[in-house]
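Novice: File upload_35.cif follows (mmCIF, C-alpha atoms):
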```cif
data_query
loop_
_atom_site.group_PDB
_atom_site.id
_atom_site.type_symbol
_atom_site.label_atom_id
_atom_site.label_comp_id
_atom_site.auth_asym_id
_atom_site.auth_seq_id
_atom_site.Cartn_x
_atom_site.Cartn_y
_atom_site.Cartn_z
ATOM 1 C CA ARG X 1 -6.030 36.101 0.641
ATOM 2 C CA GLY X 2 -7.035 38.090 3.717
ATOM 3 C CA THR X 3 -10.017 35.765 4.289
ATOM 4 C CA THR X 4 -7.825 32.694 4.044
ATOM 5 C CA THR X 5 -5.339 34.138 6.535
ATOM 6 C CA LEU X 6 -8.165 35.012 8.930
ATOM 7 C CA ARG X 7 -9.582 31.480 8.699
ATOM 8 C CA GLU X 8 -6.190 29.964 9.332
ATOM 9 C CA SER X 9 -5.689 32.264 12.341
ATOM 10 C CA LEU X 10 -9.088 31.348 13.756
ATOM 11 C CA GLY X 11 -8.335 27.647 13.235
ATOM 12 C CA GLU X 12 -4.996 27.928 15.032
ATOM 13 C CA GLU X 13 -6.624 29.920 17.838
ATOM 14 C CA LYS X 14 -9.320 27.252 18.236
ATOM 15 C CA ARG X 15 -6.744 24.456 18.406
ATOM 16 C CA SER X 16 -4.721 26.476 20.927
ATOM 17 C CA ILE X 17 -7.785 26.975 23.125
ATOM 18 C CA GLU X 18 -8.632 23.270 22.952
ATOM 19 C CA MET X 19 -5.117 22.200 23.875
ATOM 20 C CA THR X 20 -5.069 24.759 26.724
ATOM 21 C CA ALA X 21 -8.308 23.234 28.010
ATOM 22 C CA VAL X 22 -6.769 19.761 27.877
ATOM 23 C CA LYS X 23 -3.690 20.948 29.781
ATOM 24 C CA LYS X 24 -5.889 22.742 32.333
ATOM 25 C CA GLY X 25 -7.952 19.587 32.848
ATOM 26 C CA LEU X 26 -4.819 17.507 33.365
ATOM 27 C CA THR X 27 -3.447 20.059 35.835
ATOM 28 C CA GLU X 28 -6.682 20.056 37.837
ATOM 29 C CA GLU X 29 -6.750 16.253 37.906
ATOM 30 C CA ARG X 30 -3.170 16.117 39.086
ATOM 31 C CA GLY X 31 -3.886 18.779 41.721
ATOM 32 C CA GLU X 32 -6.790 16.776 43.081
ATOM 33 C CA ALA X 33 -4.680 13.642 43.149
ATOM 34 C CA GLY X 34 -1.877 15.510 44.935
ATOM 35 C CA ALA X 35 0.751 14.231 42.466
ATOM 36 C CA ALA X 36 1.384 13.953 38.725
ATOM 37 C CA ALA X 37 -0.762 11.248 37.207
ATOM 38 C CA PRO X 38 1.130 8.555 35.227
ATOM 39 C CA ILE X 39 0.334 8.603 31.502
ATOM 40 C CA ASP X 40 -1.234 5.144 31.695
ATOM 41 C CA GLU X 41 -3.805 6.528 34.143
ATOM 42 C CA LEU X 42 -5.050 9.313 31.860
ATOM 43 C CA PRO X 43 -8.793 9.112 31.124
ATOM 44 C CA PRO X 44 -9.594 7.520 27.718
ATOM 45 C CA GLU X 45 -11.459 10.651 26.581
ATOM 46 C CA VAL X 46 -8.283 12.698 27.079
ATOM 47 C CA LEU X 47 -6.242 10.270 24.990
ATOM 48 C CA TYR X 48 -8.859 10.320 22.205
ATOM 49 C CA HIS X 49 -8.854 14.125 22.228
ATOM 50 C CA ILE X 50 -5.052 14.265 21.987
ATOM 51 C CA MET X 51 -5.161 11.760 19.114
ATOM 52 C CA SER X 52 -7.190 14.221 17.040
ATOM 53 C CA PHE X 53 -4.135 16.529 16.967
ATOM 54 C CA LEU X 54 -1.617 13.854 15.977
ATOM 55 C CA PRO X 55 -0.239 13.523 12.417
ATOM 56 C CA ARG X 56 -1.782 10.663 10.442
ATOM 57 C CA SER X 57 1.550 8.855 10.399
ATOM 58 C CA ALA X 58 1.884 5.128 11.058
ATOM 59 C CA GLY X 59 5.305 5.766 12.617
ATOM 60 C CA THR X 60 3.851 8.183 15.173
ATOM 61 C CA ALA X 61 0.939 5.881 15.961
ATOM 62 C CA ASN X 62 3.187 2.843 16.368
ATOM 63 C CA ALA X 63 5.492 4.730 18.717
ATOM 64 C CA LEU X 64 2.499 5.608 20.911
ATOM 65 C CA VAL X 65 1.257 2.003 20.840
ATOM 66 C CA GLY X 66 4.475 1.054 22.631
ATOM 67 C CA VAL X 67 4.168 3.774 25.308
ATOM 68 C CA CYS X 68 1.578 2.183 27.557
ATOM 69 C CA LYS X 69 -1.578 0.075 27.682
ATOM 70 C CA GLY X 70 -3.800 3.162 27.608
ATOM 71 C CA TRP X 71 -2.378 4.461 24.341
ATOM 72 C CA ARG X 72 -2.303 0.969 22.841
ATOM 73 C CA GLU X 73 -5.997 0.385 23.549
ATOM 74 C CA ALA X 74 -6.985 3.901 22.495
ATOM 75 C CA ILE X 75 -5.264 3.594 19.103
ATOM 76 C CA LEU X 76 -5.978 -0.050 18.278
ATOM 77 C CA THR X 77 -9.702 0.354 19.032
ATOM 78 C CA ASP X 78 -10.260 3.615 17.131
ATOM 79 C CA ASP X 79 -11.339 2.496 13.651
ATOM 80 C CA ALA X 80 -11.616 6.063 12.315
ATOM 81 C CA TYR X 81 -8.058 6.906 13.362
ATOM 82 C CA LEU X 82 -6.688 3.593 12.063
ATOM 83 C CA GLY X 83 -8.442 4.151 8.749
ATOM 84 C CA SER X 84 -6.742 7.545 8.329
ATOM 85 C CA LEU X 85 -3.153 6.407 8.951
ATOM 86 C CA ASN X 86 -0.676 6.419 6.078
ATOM 87 C CA PHE X 87 1.530 3.315 5.767
ATOM 88 C CA SER X 88 4.500 2.826 3.445
ATOM 89 C CA LEU X 89 7.525 0.603 2.915
ATOM 90 C CA VAL X 90 11.102 1.834 3.328
ATOM 91 C CA ALA X 91 13.522 -0.222 1.255
ATOM 92 C CA SER X 92 16.615 1.133 3.011
ATOM 93 C CA GLN X 93 15.737 -0.337 6.412
ATOM 94 C CA PRO X 94 15.774 -4.045 7.308
ATOM 95 C CA PHE X 95 12.547 -5.701 8.388
ATOM 96 C CA LYS X 96 12.760 -8.489 10.957
ATOM 97 C CA GLY X 97 12.237 -11.985 9.549
ATOM 98 C CA MET X 98 12.405 -11.037 5.859
ATOM 99 C CA GLU X 99 13.584 -14.019 3.872
ATOM 100 C CA THR X 100 14.656 -14.373 0.272
ATOM 101 C CA VAL X 101 11.964 -15.946 -1.892
ATOM 102 C CA ARG X 102 12.867 -16.244 -5.556
ATOM 103 C CA GLY X 103 10.733 -17.475 -8.415
ATOM 104 C CA ALA X 104 12.053 -19.571 -11.275
ATOM 105 C CA VAL X 105 12.012 -18.017 -14.747
ATOM 106 C CA ALA X 106 10.147 -20.577 -16.825
ATOM 107 C CA HIS X 107 8.541 -18.636 -19.693
ATOM 108 C CA ARG X 108 7.799 -15.138 -20.858
ATOM 109 C CA ARG X 109 5.028 -14.632 -18.303
ATOM 110 C CA THR X 110 7.745 -14.193 -15.700
ATOM 111 C CA TRP X 111 9.525 -11.284 -17.455
ATOM 112 C CA ALA X 112 9.891 -8.203 -15.254
ATOM 113 C CA TYR X 113 8.312 -10.000 -12.279
ATOM 114 C CA ALA X 114 11.230 -12.229 -11.232
ATOM 115 C CA ASP X 115 13.825 -9.432 -11.320
ATOM 116 C CA ARG X 116 11.541 -6.925 -9.599
ATOM 117 C CA HIS X 117 10.541 -9.432 -6.912
ATOM 118 C CA ALA X 118 14.178 -10.388 -6.227
ATOM 119 C CA ARG X 119 15.157 -6.707 -5.933
ATOM 120 C CA ALA X 120 12.329 -6.079 -3.490
ATOM 121 C CA ILE X 121 13.537 -8.928 -1.272
ATOM 122 C CA ASP X 122 17.235 -8.044 -1.570
ATOM 123 C CA GLY X 123 16.359 -4.459 -0.644
ATOM 124 C CA ALA X 124 14.880 -5.779 2.615
ATOM 125 C CA ALA X 125 11.733 -3.681 2.454
ATOM 126 C CA SER X 126 10.529 -2.346 5.789
ATOM 127 C CA THR X 127 7.477 -0.628 7.190
ATOM 128 C CA THR X 128 7.997 2.748 8.820
ATOM 129 C CA THR X 129 6.491 1.218 11.965
ATOM 130 C CA THR X 130 9.473 -0.807 13.185
ATOM 131 C CA THR X 131 9.313 0.107 16.885
ATOM 132 C CA GLY X 132 6.981 -1.795 19.168
ATOM 133 C CA GLY X 133 3.479 -3.140 18.639
ATOM 134 C CA PHE X 134 4.681 -6.326 16.962
ATOM 135 C CA GLU X 135 2.973 -9.655 16.914
ATOM 136 C CA PRO X 136 4.395 -12.855 15.431
ATOM 137 C CA GLY X 137 3.614 -13.821 11.862
ATOM 138 C CA GLY X 138 3.939 -17.384 10.635
ATOM 139 C CA GLY X 139 6.721 -18.470 8.352
ATOM 140 C CA GLY X 140 8.556 -15.187 7.751
ATOM 141 C CA ALA X 141 8.484 -11.518 8.669
ATOM 142 C CA THR X 142 6.522 -10.463 11.706
ATOM 143 C CA VAL X 143 3.783 -7.909 11.138
ATOM 144 C CA PRO X 144 3.104 -4.933 13.440
ATOM 145 C CA ALA X 145 -0.162 -5.202 15.371
ATOM 146 C CA LEU X 146 -0.943 -1.631 14.304
ATOM 147 C CA LEU X 147 -0.668 -2.609 10.638
ATOM 148 C CA ARG X 148 -2.894 -5.658 11.079
ATOM 149 C CA ARG X 149 -5.567 -3.642 12.907
ATOM 150 C CA ALA X 150 -5.494 -0.842 10.316
ATOM 151 C CA ALA X 151 -5.865 -3.432 7.543
ATOM 152 C CA ASP X 152 -8.736 -5.134 9.400
ATOM 153 C CA VAL X 153 -10.652 -1.847 9.472
ATOM 154 C CA GLY X 154 -11.119 -2.359 5.734
ATOM 155 C CA SER X 155 -10.964 1.287 4.640
ATOM 156 C CA ASN X 156 -7.206 1.923 4.769
ATOM 157 C CA ALA X 157 -5.770 1.173 1.326
ATOM 158 C CA THR X 158 -2.156 1.965 2.318
ATOM 159 C CA ALA X 159 -2.343 -0.500 5.211
ATOM 160 C CA LEU X 160 -3.662 -3.213 2.900
ATOM 161 C CA GLU X 161 -0.968 -2.440 0.297
ATOM 162 C CA THR X 162 1.775 -2.660 2.934
ATOM 163 C CA LEU X 163 0.397 -5.891 4.380
ATOM 164 C CA ALA X 164 0.145 -7.416 0.885
ATOM 165 C CA ALA X 165 3.753 -6.458 0.134
ATOM 166 C CA LEU X 166 4.914 -8.144 3.351
ATOM 167 C CA PHE X 167 2.931 -11.280 2.500
ATOM 168 C CA GLU X 168 4.584 -11.306 -0.941
ATOM 169 C CA ALA X 169 8.036 -10.883 0.583
ATOM 170 C CA ARG X 170 7.657 -13.993 2.713
ATOM 171 C CA GLY X 171 6.205 -16.024 -0.155
ATOM 172 C CA ASP X 172 2.554 -16.003 0.977
ATOM 173 C CA VAL X 173 0.936 -15.319 -2.404
ATOM 174 C CA ALA X 174 -2.546 -16.292 -1.195
ATOM 175 C CA GLY X 175 -2.355 -13.834 1.710
ATOM 176 C CA ALA X 176 -1.007 -11.145 -0.603
ATOM 177 C CA TYR X 177 -3.839 -11.751 -3.067
ATOM 178 C CA ARG X 178 -6.508 -11.264 -0.388
ATOM 179 C CA SER X 179 -4.994 -7.949 0.714
ATOM 180 C CA TRP X 180 -4.414 -6.736 -2.862
ATOM 181 C CA ARG X 181 -8.031 -7.573 -3.685
ATOM 182 C CA LYS X 182 -9.367 -5.510 -0.779
ATOM 183 C CA ALA X 183 -7.084 -2.573 -1.607
ATOM 184 C CA ALA X 184 -8.076 -2.723 -5.283
ATOM 185 C CA SER X 185 -11.744 -2.444 -4.327
ATOM 186 C CA LEU X 186 -10.828 0.792 -2.494
ATOM 187 C CA GLY X 187 -9.357 2.218 -5.707
ATOM 188 C CA SER X 188 -5.653 1.508 -5.166
ATOM 189 C CA CYS X 189 -3.988 1.593 -8.598
ATOM 190 C CA LEU X 190 -1.015 -0.379 -7.241
ATOM 191 C CA ALA X 191 -3.340 -3.134 -6.007
ATOM 192 C CA GLN X 192 -5.208 -3.150 -9.326
ATOM 193 C CA PHE X 193 -1.899 -3.555 -11.148
ATOM 194 C CA LYS X 194 -0.869 -6.348 -8.791
ATOM 195 C CA LEU X 195 -4.129 -8.233 -9.367
ATOM 196 C CA GLY X 196 -3.686 -7.930 -13.128
ATOM 197 C CA GLU X 197 -0.163 -9.302 -12.820
ATOM 198 C CA ILE X 198 -1.333 -12.164 -10.591
ATOM 199 C CA PHE X 199 -3.982 -13.255 -13.109
ATOM 200 C CA TYR X 200 -1.653 -12.878 -16.101
ATOM 201 C CA ARG X 201 1.184 -14.859 -14.561
ATOM 202 C CA GLY X 202 -1.048 -17.367 -12.768
ATOM 203 C CA LEU X 203 0.568 -16.708 -9.393
ATOM 204 C CA GLY X 204 -0.585 -18.605 -6.321
ATOM 205 C CA ASN X 205 -3.739 -20.636 -6.810
ATOM 206 C CA GLN X 206 -5.554 -18.113 -8.990
ATOM 207 C CA GLY X 207 -4.592 -19.626 -12.328
ATOM 208 C CA VAL X 208 -4.068 -17.770 -15.615
ATOM 209 C CA ASP X 209 -7.044 -15.590 -16.565
ATOM 210 C CA GLY X 210 -6.421 -13.145 -19.412
ATOM 211 C CA GLU X 211 -9.827 -11.476 -19.174
ATOM 212 C CA GLU X 212 -9.471 -10.803 -15.449
ATOM 213 C CA ALA X 213 -5.894 -9.595 -15.955
ATOM 214 C CA LEU X 214 -6.981 -7.165 -18.670
ATOM 215 C CA PHE X 215 -9.830 -5.862 -16.498
ATOM 216 C CA TRP X 216 -7.584 -4.938 -13.561
ATOM 217 C CA LEU X 217 -4.670 -3.666 -15.634
ATOM 218 C CA SER X 218 -6.990 -1.391 -17.609
ATOM 219 C CA LYS X 219 -8.261 0.127 -14.356
ATOM 220 C CA ALA X 220 -4.714 0.602 -13.048
ATOM 221 C CA MET X 221 -3.542 2.306 -16.255
ATOM 222 C CA LYS X 222 -6.241 4.971 -15.887
ATOM 223 C CA SER X 223 -4.507 6.315 -12.785
ATOM 224 C CA SER X 224 -1.902 9.048 -13.158
ATOM 225 C CA THR X 225 -0.253 7.990 -9.883
ATOM 226 C CA LEU X 226 0.798 4.498 -10.995
ATOM 227 C CA ALA X 227 4.594 4.242 -10.738
ATOM 228 C CA PRO X 228 6.482 4.225 -14.091
ATOM 229 C CA GLU X 229 7.895 0.728 -13.480
ATOM 230 C CA CYS X 230 4.416 -0.652 -12.799
ATOM 231 C CA ARG X 231 2.999 1.276 -15.757
ATOM 232 C CA ALA X 232 5.683 -0.186 -18.027
ATOM 233 C CA THR X 233 4.952 -3.756 -16.897
ATOM 234 C CA ALA X 234 1.164 -3.280 -17.054
ATOM 235 C CA ALA X 235 1.314 -1.870 -20.589
ATOM 236 C CA GLY X 236 3.659 -4.670 -21.665
ATOM 237 C CA ILE X 237 1.288 -7.327 -20.332
ATOM 238 C CA MET X 238 -1.660 -5.653 -22.073
ATOM 239 C CA GLY X 239 0.386 -5.694 -25.281
ATOM 240 C CA PHE X 240 0.932 -9.464 -25.006
ATOM 241 C CA LEU X 241 -2.743 -10.065 -24.163
ATOM 242 C CA HIS X 242 -3.832 -8.266 -27.347
ATOM 243 C CA LEU X 243 -1.062 -9.856 -29.395
ATOM 244 C CA ASP X 244 -2.022 -13.380 -28.324
ATOM 245 C CA GLY X 245 -5.788 -12.795 -28.222
ATOM 246 C CA GLU X 246 -5.901 -13.749 -24.570
ATOM 247 C CA GLY X 247 -8.928 -12.406 -22.698
ATOM 248 C CA THR X 248 -9.777 -10.292 -25.744
ATOM 249 C CA ALA X 249 -9.748 -10.481 -29.538
ATOM 250 C CA ALA X 250 -6.256 -10.593 -31.064
ATOM 251 C CA CYS X 251 -5.334 -7.178 -32.456
ATOM 252 C CA ASN X 252 -1.771 -6.335 -33.472
ATOM 253 C CA PRO X 253 -2.331 -2.552 -33.811
ATOM 254 C CA THR X 254 -3.697 -2.411 -30.247
ATOM 255 C CA ALA X 255 -0.850 -4.607 -29.038
ATOM 256 C CA ILE X 256 1.675 -2.271 -30.675
ATOM 257 C CA LYS X 257 -0.012 0.736 -29.026
ATOM 258 C CA TRP X 258 0.488 -0.800 -25.590
ATOM 259 C CA PHE X 259 4.027 -1.978 -26.351
ATOM 260 C CA LYS X 260 4.896 1.629 -27.245
ATOM 261 C CA VAL X 261 3.495 2.841 -23.916
ATOM 262 C CA ALA X 262 5.531 0.171 -22.131
ATOM 263 C CA ALA X 263 8.687 1.112 -24.040
ATOM 264 C CA GLU X 264 8.189 4.809 -23.247
ATOM 265 C CA ASN X 265 8.179 3.866 -19.566
ATOM 266 C CA GLY X 266 11.387 1.876 -19.804
ATOM 267 C CA CYS X 267 10.289 -1.694 -20.613
ATOM 268 C CA ALA X 268 13.124 -3.419 -22.524
ATOM 269 C CA GLU X 269 10.949 -6.458 -23.302
ATOM 270 C CA ALA X 270 8.436 -4.224 -25.078
ATOM 271 C CA LEU X 271 11.208 -2.680 -27.192
ATOM 272 C CA LYS X 272 12.427 -6.109 -28.276
ATOM 273 C CA THR X 273 8.880 -7.208 -29.118
ATOM 274 C CA LEU X 274 8.252 -4.028 -31.137
ATOM 275 C CA GLY X 275 11.468 -4.668 -33.079
ATOM 276 C CA TRP X 276 10.354 -8.215 -33.864
ATOM 277 C CA LEU X 277 6.869 -7.117 -34.946
ATOM 278 C CA TYR X 278 8.226 -4.416 -37.291
ATOM 279 C CA SER X 279 10.981 -6.638 -38.718
ATOM 280 C CA THR X 280 8.446 -9.370 -39.545
ATOM 281 C CA GLY X 281 5.872 -6.958 -40.945
ATOM 282 C CA GLN X 282 3.269 -7.661 -38.274
ATOM 283 C CA TYR X 283 2.104 -4.077 -37.799
#
```
With the file now loaded, output its structure as structure tokens.
Specialist:
Amino acid sequence: RGTTTLRESLGEEKRSIEMTAVKKGLTEERGEAGAAAPIDELPPEVLYHIMSFLPRSAGTANALVGVCKGWREAILTDDAYLGSLNFSLVASQPFKGMETVRGAVAHRRTWAYADRHARAIDGAASTTTTTGGFEPGGGGATVPALLRRAADVGSNATALETLAALFEARGDVAGAYRSWRKAASLGSCLAQFKLGEIFYRGLGNQGVDGEEALFWLSKAMKSSTLAPECRATAAGIMGFLHLDGEGTAACNPTAIKWFKVAAENGCAEALKTLGWLYSTGQY
């Protein structure tokens, strides 16, 4: 414990010394100039150094993007910093340009999806980066420039997840698919679940593909961080795939196993299906 405390103290002391050096450098520069230097005239290396002390929050970064051209260029051109930012959606705050996009319930492939999608739109999901740094997006919600740049870096799964969710909200399934695919390749269990759902329901132009759906849903279900609602839907879909022999050999016992997992996570459709299977002796 003593060693840990000593290390923490040394780390804090080092950061304090570094920040003191930065302040000293700024003071000397201002002294030479004869007046306080405006923030947009700070040397790029000073801005980069300060960035290393900032929290990896998209909200903080987006606020700085709107401060001045110097901060905007420093942040939007630093791939390492952009790749480390954490993005999320806040359902309690409105997001500019969000429009209601509802899907028609045609057959059982739409169960859980239509209601969940409508709730997401009605909740007016928002990014935590709603101040400054915006650029126009076609046909719906605008997307922050910071979010687009972080997604373009290709290593920020939360940025790709957030961008995909915004594409979904404005009805751009093809754009959402591209972002979900990239995030899934980075190990995002949410993106893997979304891809499985896309292939099972045949959303966008992907078409129905049971084998591909089973592949991605199986990967998503291995993660302990997958949200209960997503876990319930994923397990329910896997139950139907095994029940119908779609993308795999038909197997009622395996289907029942997945329906039970779905029911345990709150899936009403799985409970009804289990009741039907037991009442008809298909177990």
Novice: Distance CA of Lys222 (chain X)-CA of Leu203 (chain X), one decimal place?
Specialist: 23.6 Å
Novice: Quick one: residues within 10 Å of region 258-261 of chain X, all atoms listed in the file, excluding same-chain residues fewer than 4 positions away - as a VMD selection string?
Specialist: chain X and resid 231 to 243 252 to 254 265 to 274
Novice: Any chance you could resolve the PyMOL selection byres ((chain X and resi 79-88) around 7) against this file and give the residues as a ChimeraX atom specification?
Specialist: /X:56-58,77-78,89-90,127-128,150,153,155-156,158-159,162
Novice: Skipping near chain neighbours, those fewer than 6 positions away, what residues fall within 8 Å of Leu190 (chain X) using only C-alpha atoms, listed as an NGL selection string?
Specialist: :X and (161 or 184 or 220 or 226 or 230)
Novice: Restricting the calculation to only C-alpha atoms, which member of X:Leu76, X:Ala255, X:Cys189, X:Ala174 is positioned closest to Thr225 (chain X)?
Specialist: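 For Thr225 (chain X), the nearest of the candidates is X:Cys189.
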Novice: With distances taken over all atoms listed in the file, which of X:Val173, X:Ala250, X:Ile256, X:Leu64 is nearest to Gly202 (chain X)?
Specialist: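 Going through X:Val173, X:Ala250, X:Ile256, X:Leu64 one by one, the smallest distance to Gly202 (chain X) is for X:Val173.
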Novice: In Å, rounded to a single decimal, give me how far CA of Asn62 (chain X) is from CA of Val143 (chain X).
Specialist: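 Straight-line distance from CA of Val143 (chain X) to CA of Asn62 (chain X) works out to 12.0 Å.
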Novice: Separation of CA of Tyr278 (chain X) and CA of Cys251 (chain X), in Å?
Specialist: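 Separating CA of Tyr278 (chain X) from CA of Cys251 (chain X) is a distance of 14.7 Å.
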Novice: To test the calculation: enclose all listed atoms of region 174-180 of chain X in a box whose edges run along x, y and z, add 6 Å on each side, then state centre and edge lengths in Å to one decimal, as AutoDock Vina command-line options.
Specialist:
```
--center_x -3.8 --center_y -11.5 --center_z -0.7 --size_x 17.5 --size_y 21.6 --size_z 16.8
```
Novice: Between X:Ile75, X:Ala151, X:Ala249, X:Ala227, single out the one closest to Glu211 (chain X), counting only C-alpha atoms.
Specialist: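 Closest to Glu211 (chain X) of all the choices is X:Ala249.
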Novice: Apply the PyMOL selection byres ((chain X and resi 180) around 12) to the file shown and report the selected residues as a ChimeraX atom specification.
Specialist: /X:151,154,156-168,173-179,181-198,216
Novice: Show which residues sit within 8 Å of Gly210 (chain X), as a ChimeraX atom specification. Count all atoms listed in the file, and ignore same-chain residues fewer than 5 positions away.
Specialist: /X:199-200,241,246-248
Novice: Pick out the closest residue to Asn205 (chain X) from this set: X:Leu147, X:Ser224, X:Asp172, X:Lys219. Count only C-alpha atoms.
Specialist: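 Among X:Leu147, X:Ser224, X:Asp172, X:Lys219, it is X:Asp172 that comes nearest to Asn205 (chain X).
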